[in-house]
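Visitor: Coordinates in query_35.cif, mmCIF, C-alpha atoms and all ligand atoms, are listed below.
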data_final
loop_
_atom_site.label_atom_id
_atom_site.label_comp_id
_atom_site.auth_asym_id
_atom_site.auth_seq_id
_atom_site.Cartn_x
_atom_site.Cartn_y
_atom_site.Cartn_z
CA MET A 728 20.70 5.34 -14.26
CA SER A 729 22.58 2.21 -13.21
CA ASP A 730 21.78 -1.33 -14.28
CA ASP A 731 21.92 -2.34 -10.63
CA THR A 732 18.90 -4.42 -9.63
CA PHE A 733 18.85 -2.50 -6.36
CA LEU A 734 16.79 0.61 -6.80
CA LEU A 735 17.70 1.92 -3.37
CA ASN A 736 20.99 1.39 -1.60
CA VAL A 737 21.51 2.71 1.93
CA GLN A 738 24.96 2.03 3.36
CA GLY A 739 26.27 2.91 6.82
CA LEU A 740 23.69 5.64 7.47
CA TYR A 741 24.05 7.79 10.60
CA VAL A 742 21.58 10.54 11.53
CA SER A 743 21.72 12.65 14.68
CA TYR A 744 19.74 15.50 16.21
CA GLY A 745 22.23 17.46 18.28
CA ASN A 746 23.92 14.92 20.50
CA PHE A 747 21.19 12.34 20.04
CA LYS A 748 22.00 9.56 17.59
CA ALA A 749 18.71 8.53 15.96
CA VAL A 750 20.15 6.30 13.22
CA GLN A 751 23.37 4.39 13.75
CA ASP A 752 24.92 2.44 10.91
CA ILE A 753 21.81 1.41 9.00
CA SER A 754 22.37 -0.47 5.73
CA PHE A 755 19.81 -2.08 3.44
CA SER A 756 18.89 -2.32 -0.21
CA VAL A 757 15.56 -2.45 -2.01
CA GLN A 758 15.33 -4.41 -5.22
CA GLN A 759 13.43 -3.44 -8.32
CA GLY A 760 9.81 -4.58 -8.01
CA GLU A 761 10.06 -5.16 -4.27
CA ILE A 762 7.90 -3.93 -1.39
CA PHE A 763 10.26 -3.42 1.54
CA GLY A 764 9.01 -2.59 5.03
CA LEU A 765 10.76 -0.82 7.89
CA LEU A 766 9.27 -1.98 11.19
CA GLY A 767 10.24 -0.75 14.60
CA PRO A 768 8.86 0.59 17.88
CA ASN A 769 8.16 4.31 18.31
CA GLY A 770 11.35 6.31 18.02
CA ALA A 771 13.30 3.48 16.36
CA GLY A 772 14.56 5.72 13.57
CA LYS A 773 12.27 4.74 10.67
CA THR A 774 11.09 8.22 9.71
CA SER A 775 14.60 9.63 10.14
CA THR A 776 15.85 7.00 7.68
CA LEU A 777 13.09 7.86 5.20
CA SER A 778 13.73 11.59 5.61
CA ALA A 779 17.45 11.13 4.90
CA ILE A 780 16.64 9.20 1.71
CA GLU A 781 14.13 11.87 0.68
CA GLY A 782 16.72 14.61 1.19
CA LEU A 783 14.66 16.29 3.91
CA ILE A 784 17.33 16.02 6.60
CA LYS A 785 21.12 15.96 6.57
CA PHE A 786 22.86 12.77 7.56
CA ASP A 787 26.20 12.54 9.38
CA ALA A 788 27.69 9.63 7.47
CA GLY A 789 26.88 6.93 4.98
CA SER A 790 25.78 6.81 1.37
CA ILE A 791 22.38 6.64 -0.26
CA THR A 792 21.71 5.96 -3.94
CA VAL A 793 18.32 5.95 -5.62
CA ASP A 794 18.13 4.42 -9.09
CA GLY A 795 21.92 4.69 -9.15
CA TYR A 796 21.96 8.39 -8.29
CA ASP A 797 23.78 9.51 -5.14
CA VAL A 798 21.37 11.67 -3.12
CA LEU A 799 24.17 14.07 -2.14
CA LYS A 800 26.04 14.30 -5.45
CA ASP A 801 23.03 14.10 -7.76
CA PRO A 802 20.05 15.18 -5.65
CA LEU A 803 17.83 16.29 -8.52
CA HIS A 804 18.02 12.97 -10.39
CA ALA A 805 17.68 11.03 -7.13
CA ARG A 806 14.59 13.00 -6.13
CA ALA A 807 13.05 12.65 -9.60
CA ALA A 808 13.28 8.87 -9.21
CA MET A 809 11.35 9.00 -5.92
CA GLY A 810 7.71 9.54 -5.10
CA VAL A 811 6.96 10.55 -1.54
CA GLN A 812 3.56 10.20 0.08
CA LEU A 813 2.88 13.48 1.81
CA GLN A 814 1.04 13.64 5.11
CA SER A 815 -2.53 14.90 4.81
CA THR A 816 -1.46 18.03 6.71
CA SER A 817 0.81 18.91 3.78
CA PHE A 818 -2.16 19.67 1.52
CA GLN A 819 -3.87 23.01 1.56
CA PRO A 820 -7.26 22.11 3.05
CA GLU A 821 -9.14 24.75 1.06
CA LEU A 822 -8.05 23.33 -2.31
CA ASN A 823 -10.37 20.83 -3.94
CA VAL A 824 -9.27 17.47 -5.32
CA THR A 825 -9.05 18.70 -8.91
CA GLN A 826 -6.98 21.74 -7.88
CA ILE A 827 -4.62 19.55 -5.86
CA LEU A 828 -4.08 17.17 -8.77
CA GLN A 829 -3.49 20.12 -11.12
CA LEU A 830 -1.09 21.74 -8.65
CA PHE A 831 1.05 18.64 -8.18
CA GLY A 832 0.81 17.75 -11.87
CA GLY A 833 2.35 21.18 -12.51
CA ILE A 834 5.06 20.71 -9.87
CA TYR A 835 6.09 17.37 -11.38
CA GLY A 836 5.78 18.50 -14.99
CA VAL A 837 2.90 16.14 -15.77
CA ASP A 838 0.44 17.39 -18.39
CA MET A 839 -2.78 17.30 -16.39
CA ASN A 840 -5.19 17.58 -19.33
CA ARG A 841 -8.89 16.83 -18.97
CA ASP A 842 -8.56 13.17 -19.98
CA LYS A 843 -5.63 12.54 -17.63
CA LEU A 844 -7.46 14.22 -14.77
CA GLN A 845 -10.62 12.18 -15.39
CA SER A 846 -8.65 8.97 -15.60
CA ILE A 847 -6.90 9.65 -12.26
CA LEU A 848 -10.18 10.60 -10.57
CA ARG A 849 -11.78 7.42 -11.91
CA ASP A 850 -8.83 5.34 -10.77
CA ILE A 851 -9.02 6.66 -7.21
CA GLN A 852 -12.82 6.54 -7.24
CA LEU A 853 -13.18 10.24 -6.57
CA GLU A 854 -15.02 11.33 -9.71
CA ASP A 855 -17.97 12.45 -7.63
CA ALA A 856 -15.70 14.24 -5.16
CA ALA A 857 -13.63 16.12 -7.74
CA HIS A 858 -14.80 19.47 -6.40
CA LYS A 859 -14.75 18.60 -2.71
CA LYS A 860 -12.19 20.33 -0.55
CA PHE A 861 -9.39 18.10 0.72
CA SER A 862 -10.48 18.79 4.31
CA GLN A 863 -13.96 17.43 3.49
CA LEU A 864 -12.66 14.03 2.34
CA SER A 865 -12.67 10.92 4.53
CA GLY A 866 -9.33 9.58 5.80
CA GLY A 867 -9.37 6.83 3.15
CA GLN A 868 -10.13 9.31 0.37
CA GLN A 869 -7.32 11.59 1.56
CA GLN A 870 -4.91 8.64 1.55
CA ARG A 871 -5.93 7.77 -2.02
CA VAL A 872 -5.20 11.34 -3.12
CA SER A 873 -1.81 11.41 -1.38
CA LEU A 874 -0.85 8.01 -2.81
CA VAL A 875 -1.76 9.00 -6.35
CA ILE A 876 0.27 12.19 -5.97
CA ALA A 877 3.27 10.15 -4.79
CA THR A 878 3.09 8.22 -8.06
CA ILE A 879 1.96 11.01 -10.40
CA HIS A 880 5.37 11.35 -12.10
CA ASN A 881 5.78 7.58 -12.44
CA PRO A 882 8.70 7.32 -9.99
CA ARG A 883 10.75 4.14 -9.74
CA LEU A 884 10.76 4.20 -5.92
CA VAL A 885 7.70 5.09 -3.86
CA MET A 886 8.17 5.99 -0.19
CA LEU A 887 5.24 5.58 2.19
CA ASP A 888 5.43 6.53 5.87
CA GLU A 889 2.71 4.60 7.75
CA PRO A 890 0.37 4.72 4.76
CA THR A 891 -2.63 2.96 6.30
CA THR A 892 -2.67 4.33 9.84
CA GLY A 893 -6.21 5.22 10.84
CA LEU A 894 -7.92 3.57 7.86
CA ASP A 895 -10.86 1.20 8.17
CA PRO A 896 -10.32 -2.44 7.05
CA GLN A 897 -11.92 -1.84 3.63
CA SER A 898 -9.78 1.22 2.87
CA ARG A 899 -6.69 -0.55 4.19
CA ARG A 900 -7.26 -3.54 1.92
CA GLN A 901 -7.79 -1.22 -1.02
CA LEU A 902 -4.60 0.66 -0.26
CA TRP A 903 -2.67 -2.62 -0.04
CA GLU A 904 -3.98 -3.48 -3.51
CA ARG A 905 -2.85 -0.10 -4.75
CA ILE A 906 0.60 -0.63 -3.24
CA GLU A 907 0.79 -4.05 -4.91
CA ALA A 908 -0.30 -2.47 -8.19
CA ILE A 909 2.65 -0.07 -7.90
CA ARG A 910 4.94 -3.11 -7.57
CA GLY A 911 3.10 -4.73 -10.49
CA GLN A 912 4.22 -1.81 -12.66
CA GLY A 913 7.83 -2.71 -11.84
CA HIS A 914 8.27 0.03 -9.23
CA SER A 915 9.69 -0.49 -5.76
CA VAL A 916 8.05 0.57 -2.52
CA LEU A 917 9.69 1.43 0.79
CA LEU A 918 7.16 1.74 3.59
CA THR A 919 7.08 2.04 7.34
CA THR A 920 4.37 0.42 9.39
CA HIS A 921 3.44 -0.59 12.90
CA SER A 922 1.07 -3.21 11.58
CA MET A 923 2.49 -6.72 11.54
CA GLU A 924 -0.56 -7.78 9.56
CA GLU A 925 0.32 -5.20 6.93
CA ALA A 926 3.94 -6.30 6.86
CA GLU A 927 2.91 -9.92 6.36
CA ALA A 928 0.25 -9.04 3.81
CA VAL A 929 2.21 -6.77 1.47
CA CYS A 930 5.94 -6.70 2.23
CA ASP A 931 8.30 -8.97 0.31
CA ARG A 932 11.02 -8.29 2.89
CA ILE A 933 11.15 -6.36 6.11
CA ALA A 934 13.84 -4.85 8.30
CA ILE A 935 13.20 -4.69 12.04
CA VAL A 936 14.73 -1.49 13.37
CA ASP A 937 15.35 -0.51 16.99
CA HIS A 938 17.43 2.21 18.65
CA GLY A 939 18.65 3.33 15.22
CA ASN A 940 19.93 -0.13 14.23
CA ILE A 941 18.64 -2.86 11.96
CA LEU A 942 18.23 -6.02 14.01
CA THR A 943 17.34 -8.31 11.14
CA ILE A 944 16.23 -8.34 7.48
CA ASP A 945 14.26 -11.16 5.88
CA THR A 946 10.90 -12.14 4.43
CA PRO A 947 8.12 -12.12 7.04
CA GLN A 948 7.69 -15.90 6.74
CA ASN A 949 11.42 -16.60 7.07
CA LEU A 950 11.55 -14.45 10.20
CA ILE A 951 8.77 -16.46 11.79
CA ASP A 952 10.35 -19.76 10.72
CA ARG A 953 13.82 -18.75 11.92
CA HIS A 954 12.64 -17.62 15.35
CA ARG A 955 9.63 -19.82 16.12
CA ASP A 956 11.62 -22.02 18.53
CA ASP A 957 13.41 -19.16 20.33
CA PRO A 958 12.47 -19.28 24.04
CA GLU A 959 11.78 -15.49 24.02
CA VAL A 960 9.36 -15.91 21.10
CA ILE A 961 7.55 -18.82 22.73
CA ALA A 962 7.32 -16.81 25.96
CA VAL A 963 5.49 -13.91 24.27
CA SER A 964 3.37 -15.97 21.88
CA ARG A 965 -0.34 -16.29 22.56
CA ARG A 966 -2.72 -19.18 22.05
CA GLY A 967 0.07 -21.49 20.92
CA LYS A 968 0.61 -19.76 17.56
CA VAL A 969 3.82 -17.88 16.70
CA THR A 970 3.18 -14.68 14.74
CA LEU A 971 5.40 -12.00 13.24
CA GLU A 972 4.38 -9.77 16.14
CA ASP A 973 5.77 -12.34 18.61
CA VAL A 974 9.09 -12.33 16.76
CA PHE A 975 9.04 -8.51 16.68
CA ILE A 976 8.37 -8.21 20.42
CA ALA A 977 10.94 -10.86 21.30
CA LEU A 978 13.58 -8.99 19.25
CA THR A 979 12.71 -5.46 20.38
CA GLY A 980 11.59 -6.16 23.96
CA ARG A 981 8.30 -5.66 25.80
CA ALA A 982 9.09 -2.19 27.17
CA VAL A 983 6.78 0.55 25.89
CA ARG A 984 8.78 3.38 24.29
CA ALA A 985 8.44 6.95 25.34
N1 LIG B 1 13.72 16.89 14.63
C1 LIG B 1 14.09 16.14 15.67
N2 LIG B 1 14.77 16.67 16.70
C2 LIG B 1 15.17 15.93 17.75
N3 LIG B 1 14.93 14.61 17.86
C3 LIG B 1 14.25 14.02 16.86
C4 LIG B 1 13.78 14.75 15.73
N4 LIG B 1 13.15 13.89 14.90
C5 LIG B 1 13.18 12.69 15.51
N5 LIG B 1 13.85 12.76 16.68
C6 LIG B 1 14.11 11.65 17.60
O1 LIG B 1 14.83 10.65 16.88
C7 LIG B 1 14.37 9.35 17.26
C8 LIG B 1 13.90 8.63 16.02
O2 LIG B 1 12.73 9.26 15.55
P1 LIG B 1 11.97 8.75 14.26
O3 LIG B 1 10.83 9.68 14.02
O4 LIG B 1 12.94 8.55 13.17
O5 LIG B 1 11.42 7.33 14.76
P2 LIG B 1 10.30 6.41 14.16
O6 LIG B 1 10.86 5.03 14.17
O7 LIG B 1 9.82 6.92 12.86
O8 LIG B 1 9.17 6.52 15.27
P3 LIG B 1 7.56 6.45 15.17
O9 LIG B 1 7.22 5.02 14.95
O10 LIG B 1 7.15 6.93 16.53
O11 LIG B 1 7.12 7.35 14.07
C9 LIG B 1 13.29 9.56 18.30
O12 LIG B 1 13.86 9.42 19.59
C10 LIG B 1 12.84 10.99 18.08
O13 LIG B 1 12.37 11.57 19.28
#
Show me, as C-alpha cells, the structure contained in the file I just sent.

Guide:
Amino acid sequence: MSDDTFLLNVQGLYVSYGNFKAVQDISFSVQQGEIFGLLGPNGAGKTSTLSAIEGLIKFDAGSITVDGYDVLKDPLHARAAMGVQLQSTSFQPELNVTQILQLFGGIYGVDMNRDKLQSILRDIQLEDAAHKKFSQLSGGQQQRVSLVIATIHNPRLVMLDEPTTGLDPQSRRQLWERIEAIRGQGHSVLLTTHSMEEAEAVCDRIAIVDHGNILTIDTPQNLIDRHRDDPEVIAVSRRGKVTLEDVFIALTGRAVRA
C-alpha cells in the first residue's frame, strides 16, 4: 500500500475496440474519502474506463493504480482493494438473498456466520426477505443487495456503474445515504451517472467525459460558478436558473448520441 492520498490514479488511459477508440488519454485521480463521479453522454467512455480499472478489459496505453497497486503488475492486490457493484443480471436469479450473501462472502473470504448474516440483512432492511429469490426482489432491494456485496470485503475503493438507474425517489435517496456512509467509513467511491441531481447531491468532484476525453474536472458547484456566464450555458438554461445540466449540455452539445 502507498501513503499516497490518491486511492485511484488513472493516467493517460487509452481503450479501443478494434479500430474504434473509446477512451483517449483519460487521466484523473480519486482521493481517499472522496465520491468522484464520471458524467458523460451515452457512449462517452465511462463504462470502458471503469472496466479498465476493474481489470475486465485490456487497455492500449496508460497506467492505473488502486491503493498504490498497479492493476497490470499487481492485479490481485489491486482487485482486493476494489469493490465492484455487479449488475442485477450477474446474480443467479434462483438463489435467495441468504444464499447470495453466503456465496459472495465465500468468494471474498468473509466469514459469513449467523450473526454477520443477520447484521447485513438488518442493515439492508431485508430480514423479512432473507429467503426470497433475487428475481423476486424489487429493483431497490436488488440494488441494496448488489451494493452490500460490493462492500462485503471492506474495499478501499467502491466502483458503481449507474447505481440508481430505475430506482424510485425513496430508494434513490436511501442509496445516496448508503454511498455517503461508505465515504464516512473513509472509503472512496467512483461512480457513473446520467443524473445531474445525483452528481450534485453526492459527488465531491465530477469529471465530464465525452468522446473518450475528459472535458473538465471540478466540484459540481465550481463548475456551475465557472460557467454560469458562458453564452452557451445561458442559451441552454431554462427559467433563468443555471444548473449543472446546463453546463453539461453546453460542454457536450445538444446532439442526441446514437
Ligand atoms: N465491447 C465493445 N465492442 C465494441 N465497441 C464497444 C464495446 N463496448 C463499448 N463500445 C463502444 O465504446 C464506446 C464507449 O462505450 P462505453 O460503454 O464506455 O460508454 P458509456 O459512457 O459508459 O455509455 P453509456 O452512458 O451509454 O453507458 C461506445 O461507442 C460503445 O459503443

Visitor: Measuring between all atoms listed in the file, which one of A:Val969, A:Leu740, A:Leu942, A:Ile780 shows the shortest distance to Leu917 of chain A?

Guide: A:Ile780

Visitor: Would you list the residues that come within 6 Å of ligand LIG 1 (chain B)? Count all atoms listed in the file and give the answer as a list of chain:residue names.

Guide: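 Those within range of ligand LIG 1 (chain B) are A:Tyr744, A:Ala749, A:Gly767, A:Pro768, A:Asn769, A:Gly770, A:Ala771, A:Gly772, A:Lys773, A:Thr774, A:Ser775.
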
Visitor: Using only C-alpha atoms for the distances, tell me which of A:Arg899, A:Gln758, A:Val875, A:Phe786 is nearest to Arg849 of chain A.

Guide: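 Closest to Arg849 of chain A of all the choices is A:Val875.
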
Visitor: Figure out the distance between atom CA of Arg900 of chain A and atom CA of Val872 of chain A, please, to one decimal in Å.

Guide: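 One can read the atom CA of Val872 of chain A to atom CA of Arg900 of chain A distance as 15.8 Å.
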
Visitor: Would you mind reading off the distance between atom CA of Ala928 of chain A and atom CA of Thr970 of chain A, one decimal, in Å?

Guide: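 We find that atom CA of Ala928 of chain A and atom CA of Thr970 of chain A lie 12.6 Å from each other.
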
Visitor: Using all atoms listed in the file, pick whichever of A:Ala926, A:Ala934, A:Leu735, A:Leu874 has the shortest atom-to-atom distance to Val811 of chain A.

Guide: A:Leu874

Visitor: Please list as a ChimeraX atom specification every residue within 10 Å of Ser743 of chain A, counting all atoms listed in the file and excluding residues in the same chain fewer than 3 positions away.

Guide: /A:746-751,775,784-788,939

Visitor: Using all atoms listed in the file, can you tell me which of A:Ile834, A:Ile762, A:Ile933, A:Val824 comes closest to Ile851 of chain A?

Guide: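 Using all atoms listed in the file, the shortest distance to Ile851 of chain A belongs to A:Val824.
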